[in-house]
>>> print(open('data_35.txt').read())   # compact mmCIF, C-alpha atoms
# COMPACT_ATOMS: atom_id res chain seq x y z
CA MET D 1 1.64 -24.14 -27.43
CA ALA D 2 2.62 -21.27 -25.17
CA THR D 3 4.05 -21.08 -21.67
CA ILE D 4 1.69 -18.95 -19.60
CA LEU D 5 2.18 -17.39 -16.19
CA TYR D 6 -1.26 -16.98 -14.63
CA ALA D 7 -1.81 -14.87 -11.50
CA GLU D 8 -5.25 -15.06 -9.87
CA ASP D 9 -6.18 -14.80 -6.20
CA ASP D 10 -9.50 -16.65 -6.57
CA ALA D 11 -8.51 -20.32 -6.11
CA ASP D 12 -11.55 -21.81 -7.87
CA MET D 13 -11.21 -19.55 -10.90
CA ARG D 14 -7.46 -20.14 -11.02
CA ARG D 15 -7.85 -23.93 -11.11
CA PHE D 16 -10.71 -23.73 -13.63
CA PHE D 17 -8.85 -21.49 -16.11
CA GLU D 18 -5.56 -23.33 -15.58
CA LYS D 19 -7.19 -26.63 -16.58
CA ALA D 20 -8.92 -25.05 -19.60
CA LEU D 21 -5.67 -23.55 -20.88
CA GLU D 22 -3.79 -26.80 -20.34
CA LYS D 23 -6.52 -28.71 -22.19
CA ALA D 24 -6.04 -26.24 -25.07
CA GLY D 25 -2.37 -27.29 -25.20
CA HIS D 26 -0.65 -24.58 -23.20
CA ASN D 27 1.84 -25.00 -20.36
CA VAL D 28 0.49 -23.02 -17.39
CA ILE D 29 2.21 -21.96 -14.19
CA ALA D 30 -0.51 -20.65 -11.88
CA CYS D 31 0.20 -18.40 -8.90
CA SER D 32 -2.16 -17.28 -6.15
CA ASP D 33 -0.94 -13.68 -6.05
CA GLY D 34 1.24 -11.11 -7.73
CA GLU D 35 4.24 -11.62 -5.45
CA ARG D 36 4.44 -15.33 -6.27
CA ALA D 37 4.07 -14.59 -9.96
CA LEU D 38 6.85 -12.01 -9.77
CA ARG D 39 9.14 -14.58 -8.13
CA ALA D 40 8.32 -17.05 -10.90
CA LEU D 41 9.21 -14.41 -13.50
CA LYS D 42 12.53 -13.66 -11.83
CA PHE D 43 13.56 -17.32 -11.98
CA ALA D 44 12.10 -18.12 -15.40
CA ASP D 45 14.76 -16.33 -17.44
CA GLY D 46 12.33 -15.32 -20.19
CA ALA D 47 10.56 -18.69 -20.38
CA PHE D 48 7.03 -17.21 -20.34
CA ASP D 49 5.28 -16.20 -23.54
CA LEU D 50 2.27 -14.65 -21.82
CA LEU D 51 1.35 -13.14 -18.47
CA LEU D 52 -2.33 -13.65 -17.75
CA THR D 53 -3.26 -11.77 -14.60
CA ASP D 54 -6.17 -10.58 -12.56
CA ILE D 55 -5.96 -6.81 -12.06
CA MET D 56 -7.33 -6.55 -8.53
CA MET D 57 -5.28 -8.72 -6.17
CA PRO D 58 -4.09 -8.09 -2.63
CA GLY D 59 -0.48 -7.00 -2.39
CA LEU D 60 1.08 -6.66 -5.82
CA ASP D 61 -1.77 -5.98 -8.24
CA GLY D 62 -1.89 -7.09 -11.86
CA ILE D 63 -0.99 -3.69 -13.31
CA GLU D 64 2.21 -3.45 -11.28
CA LEU D 65 2.98 -7.11 -11.98
CA ALA D 66 2.68 -6.43 -15.71
CA LYS D 67 5.02 -3.43 -15.48
CA GLN D 68 7.63 -5.49 -13.68
CA ALA D 69 7.12 -8.44 -16.05
CA GLU D 70 7.91 -6.28 -19.06
CA THR D 71 11.13 -5.15 -17.38
CA LEU D 72 12.18 -8.68 -16.39
CA SER D 73 11.01 -10.33 -19.60
CA PRO D 74 10.98 -7.84 -22.48
CA GLY D 75 8.51 -8.84 -25.16
CA ILE D 76 6.25 -10.83 -22.85
CA LYS D 77 2.63 -10.51 -23.88
CA VAL D 78 0.12 -9.42 -21.24
CA MET D 79 -3.57 -10.12 -20.83
CA PHE D 80 -5.70 -8.92 -17.93
CA ILE D 81 -8.81 -10.54 -16.47
CA THR D 82 -10.92 -8.51 -14.08
CA GLY D 83 -14.31 -8.18 -12.49
CA PHE D 84 -13.70 -4.44 -12.38
CA ALA D 85 -13.58 -3.46 -16.05
CA ALA D 86 -14.35 0.20 -15.34
CA VAL D 87 -11.30 0.40 -13.07
CA ALA D 88 -9.19 -1.40 -15.63
CA MET D 89 -10.13 0.88 -18.46
CA SER D 90 -9.34 3.97 -16.41
CA ASP D 91 -5.76 2.77 -15.91
CA GLU D 92 -3.63 3.83 -18.86
CA ARG D 93 -1.51 0.66 -18.76
CA ALA D 94 -4.49 -1.72 -18.76
CA SER D 95 -6.30 0.15 -21.50
CA GLU D 96 -3.41 -0.62 -23.87
CA GLN D 97 -3.74 -4.38 -23.28
CA THR D 98 -6.30 -7.11 -23.81
CA VAL D 99 -8.73 -6.99 -20.89
CA LEU D 100 -11.36 -9.69 -20.37
CA SER D 101 -14.19 -8.97 -17.95
CA LYS D 102 -15.34 -11.60 -15.48
CA PRO D 103 -17.26 -13.74 -15.86
CA VAL D 104 -15.21 -15.02 -18.79
CA HIS D 105 -16.35 -17.96 -20.86
CA LEU D 106 -13.67 -20.62 -21.33
CA ARG D 107 -13.90 -20.49 -25.12
CA GLN D 108 -13.45 -16.70 -25.04
CA LEU D 109 -10.40 -17.03 -22.78
CA VAL D 110 -8.76 -19.69 -24.93
CA ASP D 111 -9.54 -17.82 -28.16
CA GLU D 112 -8.09 -14.56 -26.82
CA VAL D 113 -4.96 -16.30 -25.51
CA ASP D 114 -4.45 -18.02 -28.88
CA ARG D 115 -5.00 -14.74 -30.73
CA LEU D 116 -2.52 -12.87 -28.55
CA ILE D 117 0.11 -15.60 -28.79
CA ALA D 118 -0.21 -15.67 -32.58
CA ALA D 119 0.14 -11.87 -32.87
>>> encode(input="data_35.txt", output="structure tokens")
Amino acid sequence: MATILYAEDDADMRRFFEKALEKAGHNVIACSDGERALRALKFADGAFDLLLTDIMMPGLDGIELAKQAETLSPGIKVMFITGFAAVAMSDERASEQTVLSKPVHLRQLVDEVDRLIAA
């Protein structure tokens, strides 16, 4: 079981993936944007095992959130989810991480999270 910080601006997708990850045994803190996720990271004192974030969000995007997460919580694992895979792959930071393209099947999401946590 991992503690996951999940940042996603699409409310329906956020609730759907949050429930799927919880059903798979993970503890999930879901945030509606990058700023809220960053605040959660600042107060978590290294409690998160994984940052799961959409790349394209208003305000603080997922790439910048991941950069700040790694500073605040060294060793945190990062996984991106995006509907804009071409944009993600052109960003050097995202291309070094696991990137899932929307639409993502629940089994694929859970399997990738489990694989990354186990690594």
>>> atom_distance(input="data_35.txt", atom1="atom CA of D:Phe17", atom2="atom CA of D:Gly34")
16.7 Å
>>> residues_around(input="data_35.txt", residues="D:Gly46", least_positions_apart="3", cutoff="10 Å", atoms="all atoms listed in the file", output="list in words")
Leu41, Lys42, Phe43, Asp49, Ala69, Leu72, Ser73, Pro74, Gly75 and Ile76 of chain D
>>> closest_residue(input="data_35.txt", among="D:Asp33, D:Gln68, D:Ile55, D:Lys77", to="D:Ile4", atoms="only C-alpha atoms")
D:Lys77
>>> closest_residue(input="data_35.txt", among="D:Lys102, D:Arg107, D:Arg15, D:His26", to="D:Phe48", atoms="only C-alpha atoms")
D:His26
>>> residues_around(input="data_35.txt", residues="D:Met1", least_positions_apart="5", cutoff="12 Å", atoms="all atoms listed in the file", output="ChimeraX atom specification")
/D:21-28,48-50,110,113-115,117-118
>>> build_atoms(input="data_35.txt", residues="stretch 43-54 of chain D", atoms="all heavy atoms", output="PDB file, keeping the file's coordinate frame")
ATOM      1  N   PHE D  43      12.807 -16.079 -11.813  1.00  0.00           N
ATOM      2  CA  PHE D  43      13.560 -17.320 -11.980  1.00  0.00           C
ATOM      3  C   PHE D  43      13.356 -17.985 -13.331  1.00  0.00           C
ATOM      4  O   PHE D  43      14.034 -18.959 -13.642  1.00  0.00           O
ATOM      5  CB  PHE D  43      13.217 -18.293 -10.843  1.00  0.00           C
ATOM      6  CG  PHE D  43      13.719 -17.827  -9.506  1.00  0.00           C
ATOM      7  CD1 PHE D  43      12.832 -17.327  -8.564  1.00  0.00           C
ATOM      8  CD2 PHE D  43      15.073 -17.845  -9.203  1.00  0.00           C
ATOM      9  CE1 PHE D  43      13.290 -16.871  -7.334  1.00  0.00           C
ATOM     10  CE2 PHE D  43      15.541 -17.386  -7.979  1.00  0.00           C
ATOM     11  CZ  PHE D  43      14.646 -16.902  -7.050  1.00  0.00           C
ATOM     12  N   ALA D  44      12.450 -17.461 -14.132  1.00  0.00           N
ATOM     13  CA  ALA D  44      12.100 -18.120 -15.400  1.00  0.00           C
ATOM     14  C   ALA D  44      13.051 -17.792 -16.535  1.00  0.00           C
ATOM     15  O   ALA D  44      13.063 -18.483 -17.537  1.00  0.00           O
ATOM     16  CB  ALA D  44      10.675 -17.733 -15.802  1.00  0.00           C
ATOM     17  N   ASP D  45      13.798 -16.719 -16.414  1.00  0.00           N
ATOM     18  CA  ASP D  45      14.760 -16.330 -17.440  1.00  0.00           C
ATOM     19  C   ASP D  45      14.129 -16.248 -18.830  1.00  0.00           C
ATOM     20  O   ASP D  45      14.611 -16.829 -19.790  1.00  0.00           O
ATOM     21  CB  ASP D  45      15.947 -17.294 -17.437  1.00  0.00           C
ATOM     22  CG  ASP D  45      17.148 -16.726 -18.198  1.00  0.00           C
ATOM     23  OD1 ASP D  45      17.294 -15.490 -18.258  1.00  0.00           O
ATOM     24  OD2 ASP D  45      17.919 -17.538 -18.738  1.00  0.00           O
ATOM     25  N   GLY D  46      12.985 -15.551 -18.902  1.00  0.00           N
ATOM     26  CA  GLY D  46      12.330 -15.320 -20.190  1.00  0.00           C
ATOM     27  C   GLY D  46      11.545 -16.485 -20.739  1.00  0.00           C
ATOM     28  O   GLY D  46      11.205 -16.497 -21.912  1.00  0.00           O
ATOM     29  N   ALA D  47      11.238 -17.473 -19.908  1.00  0.00           N
ATOM     30  CA  ALA D  47      10.560 -18.690 -20.380  1.00  0.00           C
ATOM     31  C   ALA D  47       9.077 -18.490 -20.676  1.00  0.00           C
ATOM     32  O   ALA D  47       8.478 -19.298 -21.362  1.00  0.00           O
ATOM     33  CB  ALA D  47      10.719 -19.815 -19.360  1.00  0.00           C
ATOM     34  N   PHE D  48       8.473 -17.413 -20.164  1.00  0.00           N
ATOM     35  CA  PHE D  48       7.030 -17.210 -20.340  1.00  0.00           C
ATOM     36  C   PHE D  48       6.734 -16.424 -21.607  1.00  0.00           C
ATOM     37  O   PHE D  48       7.365 -15.413 -21.888  1.00  0.00           O
ATOM     38  CB  PHE D  48       6.429 -16.487 -19.136  1.00  0.00           C
ATOM     39  CG  PHE D  48       6.486 -17.301 -17.874  1.00  0.00           C
ATOM     40  CD1 PHE D  48       7.351 -16.964 -16.852  1.00  0.00           C
ATOM     41  CD2 PHE D  48       5.681 -18.423 -17.714  1.00  0.00           C
ATOM     42  CE1 PHE D  48       7.415 -17.712 -15.693  1.00  0.00           C
ATOM     43  CE2 PHE D  48       5.733 -19.185 -16.559  1.00  0.00           C
ATOM     44  CZ  PHE D  48       6.604 -18.831 -15.542  1.00  0.00           C
ATOM     45  N   ASP D  49       5.736 -16.906 -22.349  1.00  0.00           N
ATOM     46  CA  ASP D  49       5.280 -16.200 -23.540  1.00  0.00           C
ATOM     47  C   ASP D  49       4.205 -15.175 -23.210  1.00  0.00           C
ATOM     48  O   ASP D  49       4.060 -14.169 -23.903  1.00  0.00           O
ATOM     49  CB  ASP D  49       4.674 -17.208 -24.538  1.00  0.00           C
ATOM     50  CG  ASP D  49       5.670 -18.272 -24.946  1.00  0.00           C
ATOM     51  OD1 ASP D  49       6.722 -17.908 -25.504  1.00  0.00           O
ATOM     52  OD2 ASP D  49       5.397 -19.465 -24.698  1.00  0.00           O
ATOM     53  N   LEU D  50       3.435 -15.468 -22.154  1.00  0.00           N
ATOM     54  CA  LEU D  50       2.270 -14.650 -21.820  1.00  0.00           C
ATOM     55  C   LEU D  50       2.100 -14.563 -20.321  1.00  0.00           C
ATOM     56  O   LEU D  50       2.223 -15.563 -19.615  1.00  0.00           O
ATOM     57  CB  LEU D  50       1.008 -15.274 -22.431  1.00  0.00           C
ATOM     58  CG  LEU D  50      -0.339 -14.653 -22.058  1.00  0.00           C
ATOM     59  CD1 LEU D  50      -0.500 -13.266 -22.674  1.00  0.00           C
ATOM     60  CD2 LEU D  50      -1.484 -15.554 -22.502  1.00  0.00           C
ATOM     61  N   LEU D  51       1.795 -13.360 -19.848  1.00  0.00           N
ATOM     62  CA  LEU D  51       1.350 -13.140 -18.470  1.00  0.00           C
ATOM     63  C   LEU D  51      -0.140 -12.903 -18.531  1.00  0.00           C
ATOM     64  O   LEU D  51      -0.605 -11.966 -19.171  1.00  0.00           O
ATOM     65  CB  LEU D  51       2.045 -11.928 -17.851  1.00  0.00           C
ATOM     66  CG  LEU D  51       1.476 -11.463 -16.506  1.00  0.00           C
ATOM     67  CD1 LEU D  51       1.641 -12.539 -15.433  1.00  0.00           C
ATOM     68  CD2 LEU D  51       2.120 -10.153 -16.072  1.00  0.00           C
ATOM     69  N   LEU D  52      -0.887 -13.783 -17.878  1.00  0.00           N
ATOM     70  CA  LEU D  52      -2.330 -13.650 -17.750  1.00  0.00           C
ATOM     71  C   LEU D  52      -2.584 -13.338 -16.284  1.00  0.00           C
ATOM     72  O   LEU D  52      -2.233 -14.136 -15.415  1.00  0.00           O
ATOM     73  CB  LEU D  52      -3.006 -14.967 -18.154  1.00  0.00           C
ATOM     74  CG  LEU D  52      -4.511 -15.082 -17.982  1.00  0.00           C
ATOM     75  CD1 LEU D  52      -5.228 -14.059 -18.866  1.00  0.00           C
ATOM     76  CD2 LEU D  52      -4.965 -16.489 -18.336  1.00  0.00           C
ATOM     77  N   THR D  53      -3.147 -12.167 -15.987  1.00  0.00           N
ATOM     78  CA  THR D  53      -3.260 -11.770 -14.600  1.00  0.00           C
ATOM     79  C   THR D  53      -4.561 -11.057 -14.295  1.00  0.00           C
ATOM     80  O   THR D  53      -5.070 -10.283 -15.113  1.00  0.00           O
ATOM     81  CB  THR D  53      -2.067 -10.879 -14.179  1.00  0.00           C
ATOM     82  OG1 THR D  53      -2.183 -10.541 -12.793  1.00  0.00           O
ATOM     83  CG2 THR D  53      -1.969  -9.605 -14.998  1.00  0.00           C
ATOM     84  N   ASP D  54      -5.067 -11.347 -13.108  1.00  0.00           N
ATOM     85  CA  ASP D  54      -6.170 -10.580 -12.560  1.00  0.00           C
ATOM     86  C   ASP D  54      -5.613  -9.182 -12.273  1.00  0.00           C
ATOM     87  O   ASP D  54      -4.431  -9.035 -11.970  1.00  0.00           O
ATOM     88  CB  ASP D  54      -6.653 -11.257 -11.269  1.00  0.00           C
ATOM     89  CG  ASP D  54      -7.930 -10.665 -10.706  1.00  0.00           C
ATOM     90  OD1 ASP D  54      -8.532  -9.786 -11.357  1.00  0.00           O
ATOM     91  OD2 ASP D  54      -8.326 -11.075  -9.616  1.00  0.00           O
TER      92      ASP D  54
END
